[in-house]
Amino acid sequence: MSGTASHSTVEATIRPVPRYGVFMVTGAVLGIIVAGILTLLGSYEPSEVLGVVYPPGQVFGFALLWTVPIGVALGGIIAVGLDRAARRHARVVTVEHERVVADDGQI
């Protein structure tokens, strides 16, 4: 299987990039932990106005509605900050690009 090969030398920029999904999932997990702590620290006394006592599961659900999105947003902001800081550590390297085409037309 002989073929033709073309070579070219190009410059490429290499820099470390944070994985945004990992930071956002970590923020969501921390939001769940914070919601659990807030649920444990809450008092479950009847409301003076309505006379209703919210069960801990419902309090946990309401707390999740606030803490998880805040955790995801903070994780994303931290990832963006690290991405901007990583731009200073970018370096340019020379890369040899090679393309081989087989005689039968397949790459």
# chains A, B, ... in the order shown; residues from 1 in each chain; ligands from 1
$ residues_around --residues "range 94-101 of chain A" --least-positions-apart "2" --cutoff "6 Å" --atoms "only C-alpha atoms" --output "list in words"
Gly3, Thr4, Ala5, Ser6, His7, Ser8, Thr9, Val10, Glu11 and Ile107 of chain A
$ residues_around --residues "Ile32 in chain A" --least-positions-apart "2" --cutoff "12 Å" --atoms "only C-alpha atoms" --output "number ranges by chain"
A: 25-30, 34-39, 60-72
$ select_by_dssp --residues "chain A" --states "helix (DSSP H, G or I)" --output "number ranges by chain"
A: 20-41, 56-89
$ closest_atom_pairs --of "range 2-68 of chain A" --to "range 82-89 of chain A" --cutoff "8 Å" --atoms "only C-alpha atoms" --output "tab-separated table"
residue	atom	partner	partner_atom	distance
A:Arg15	CA	A:His89	CA	6.4
A:Pro16	CA	A:Ala86	CA	6.0
A:Val17	CA	A:Asp83	CA	5.8
A:Pro18	CA	A:Asp83	CA	6.2
$ atom_distance --atom1 "CA of Leu74 in chain A" --atom2 "CA of Arg19 in chain A"
14.1 Å
$ residues_around --residues "Tyr20 in chain A" --least-positions-apart "4" --cutoff "8 Å" --atoms "only C-alpha atoms" --output "PyMOL selection string"
chain A and resi 24+75-76+79-80
$ write_last_selection --atoms "all heavy atoms" --output "PDB file, in the first residue's frame"
ATOM      1  N   MET A  24     -18.120  22.763  37.257  1.00  0.00           N
ATOM      2  CA  MET A  24     -19.549  23.006  37.461  1.00  0.00           C
ATOM      3  C   MET A  24     -20.208  21.869  38.244  1.00  0.00           C
ATOM      4  O   MET A  24     -21.055  22.121  39.110  1.00  0.00           O
ATOM      5  CB  MET A  24     -20.222  23.231  36.114  1.00  0.00           C
ATOM      6  CG  MET A  24     -19.697  24.484  35.429  1.00  0.00           C
ATOM      7  SD  MET A  24     -20.261  24.644  33.757  1.00  0.00           S
ATOM      8  CE  MET A  24     -21.642  25.729  34.017  1.00  0.00           C
ATOM      9  N   GLY A  75     -18.722  27.619  40.262  1.00  0.00           N
ATOM     10  CA  GLY A  75     -17.773  26.703  39.628  1.00  0.00           C
ATOM     11  C   GLY A  75     -17.401  27.164  38.232  1.00  0.00           C
ATOM     12  O   GLY A  75     -16.234  27.105  37.828  1.00  0.00           O
ATOM     13  N   GLY A  76     -18.378  27.644  37.462  1.00  0.00           N
ATOM     14  CA  GLY A  76     -18.100  28.176  36.128  1.00  0.00           C
ATOM     15  C   GLY A  76     -17.241  29.425  36.171  1.00  0.00           C
ATOM     16  O   GLY A  76     -16.332  29.597  35.348  1.00  0.00           O
ATOM     17  N   ALA A  79     -13.710  28.421  36.875  1.00  0.00           N
ATOM     18  CA  ALA A  79     -13.090  27.828  35.682  1.00  0.00           C
ATOM     19  C   ALA A  79     -12.700  28.901  34.672  1.00  0.00           C
ATOM     20  O   ALA A  79     -11.632  28.829  34.067  1.00  0.00           O
ATOM     21  CB  ALA A  79     -14.036  26.812  35.050  1.00  0.00           C
ATOM     22  N   VAL A  80     -13.551  29.901  34.488  1.00  0.00           N
ATOM     23  CA  VAL A  80     -13.224  30.997  33.556  1.00  0.00           C
ATOM     24  C   VAL A  80     -12.007  31.759  34.066  1.00  0.00           C
ATOM     25  O   VAL A  80     -11.112  32.118  33.287  1.00  0.00           O
ATOM     26  CB  VAL A  80     -14.434  31.936  33.366  1.00  0.00           C
ATOM     27  CG1 VAL A  80     -14.036  33.211  32.662  1.00  0.00           C
ATOM     28  CG2 VAL A  80     -15.523  31.224  32.581  1.00  0.00           C
TER      29      VAL A  80
END
$ select_by_dssp --residues "chain A" --states "strand (DSSP E or B)" --output "JSON, numbers by chain"
{"A": [3, 4, 5, 6, 7, 8, 9, 10, 11, 12, 13, 14, 91, 92, 93, 94, 95, 96, 97, 98, 99, 100, 101, 102]}
$ decode --residues "range 13-36 of chain A" --atoms "N, CA and C atoms" --output "short mmCIF file (atom, residue, chain, number, x, y, z; two decimals), in the first residue's frame"
data_model
loop_
_atom_site.label_atom_id
_atom_site.label_comp_id
_atom_site.auth_asym_id
_atom_site.auth_seq_id
_atom_site.Cartn_x
_atom_site.Cartn_y
_atom_site.Cartn_z
N THR A 13 -0.20 26.88 19.36
CA THR A 13 -0.16 27.38 20.73
C THR A 13 -0.70 26.30 21.66
N ILE A 14 0.06 26.00 22.68
CA ILE A 14 -0.35 25.00 23.67
C ILE A 14 -0.52 25.71 25.01
N ARG A 15 -1.67 25.47 25.63
CA ARG A 15 -1.90 26.03 26.96
C ARG A 15 -2.81 25.09 27.74
N PRO A 16 -2.63 25.06 29.04
CA PRO A 16 -3.52 24.22 29.85
C PRO A 16 -4.91 24.85 29.94
N VAL A 17 -5.93 24.02 29.79
CA VAL A 17 -7.31 24.51 29.83
C VAL A 17 -8.07 23.73 30.89
N PRO A 18 -8.76 24.42 31.80
CA PRO A 18 -9.55 23.68 32.80
C PRO A 18 -10.78 23.04 32.16
N ARG A 19 -11.22 21.95 32.73
CA ARG A 19 -12.43 21.29 32.25
C ARG A 19 -13.63 21.92 32.97
N TYR A 20 -14.40 22.67 32.20
CA TYR A 20 -15.51 23.43 32.78
C TYR A 20 -16.54 22.52 33.45
N GLY A 21 -16.84 21.39 32.84
CA GLY A 21 -17.83 20.48 33.40
C GLY A 21 -17.47 19.98 34.78
N VAL A 22 -16.18 19.71 34.99
CA VAL A 22 -15.73 19.22 36.30
C VAL A 22 -15.95 20.29 37.36
N PHE A 23 -15.61 21.54 37.02
CA PHE A 23 -15.80 22.62 37.98
C PHE A 23 -17.29 22.85 38.28
N MET A 24 -18.12 22.76 37.26
CA MET A 24 -19.55 23.01 37.46
C MET A 24 -20.21 21.87 38.24
N VAL A 25 -19.81 20.63 37.98
CA VAL A 25 -20.36 19.50 38.74
C VAL A 25 -19.89 19.58 40.19
N THR A 26 -18.64 19.96 40.40
CA THR A 26 -18.14 20.12 41.77
C THR A 26 -18.93 21.21 42.50
N GLY A 27 -19.24 22.30 41.81
CA GLY A 27 -20.06 23.36 42.40
C GLY A 27 -21.45 22.86 42.75
N ALA A 28 -22.04 22.02 41.88
CA ALA A 28 -23.36 21.47 42.16
C ALA A 28 -23.33 20.55 43.38
N VAL A 29 -22.29 19.72 43.48
CA VAL A 29 -22.16 18.82 44.64
C VAL A 29 -21.99 19.63 45.92
N LEU A 30 -21.18 20.68 45.86
CA LEU A 30 -21.02 21.53 47.03
C LEU A 30 -22.33 22.23 47.38
N GLY A 31 -23.12 22.59 46.37
CA GLY A 31 -24.44 23.17 46.62
C GLY A 31 -25.37 22.20 47.33
N ILE A 32 -25.30 20.93 46.97
CA ILE A 32 -26.12 19.91 47.63
C ILE A 32 -25.69 19.75 49.08
N ILE A 33 -24.37 19.78 49.31
CA ILE A 33 -23.86 19.66 50.69
C ILE A 33 -24.31 20.86 51.52
N VAL A 34 -24.23 22.05 50.95
CA VAL A 34 -24.65 23.26 51.68
C VAL A 34 -26.15 23.20 51.97
N ALA A 35 -26.95 22.71 51.02
CA ALA A 35 -28.39 22.59 51.26
C ALA A 35 -28.66 21.61 52.39
N GLY A 36 -27.90 20.52 52.46
CA GLY A 36 -28.06 19.56 53.56
C GLY A 36 -27.71 20.17 54.90
#
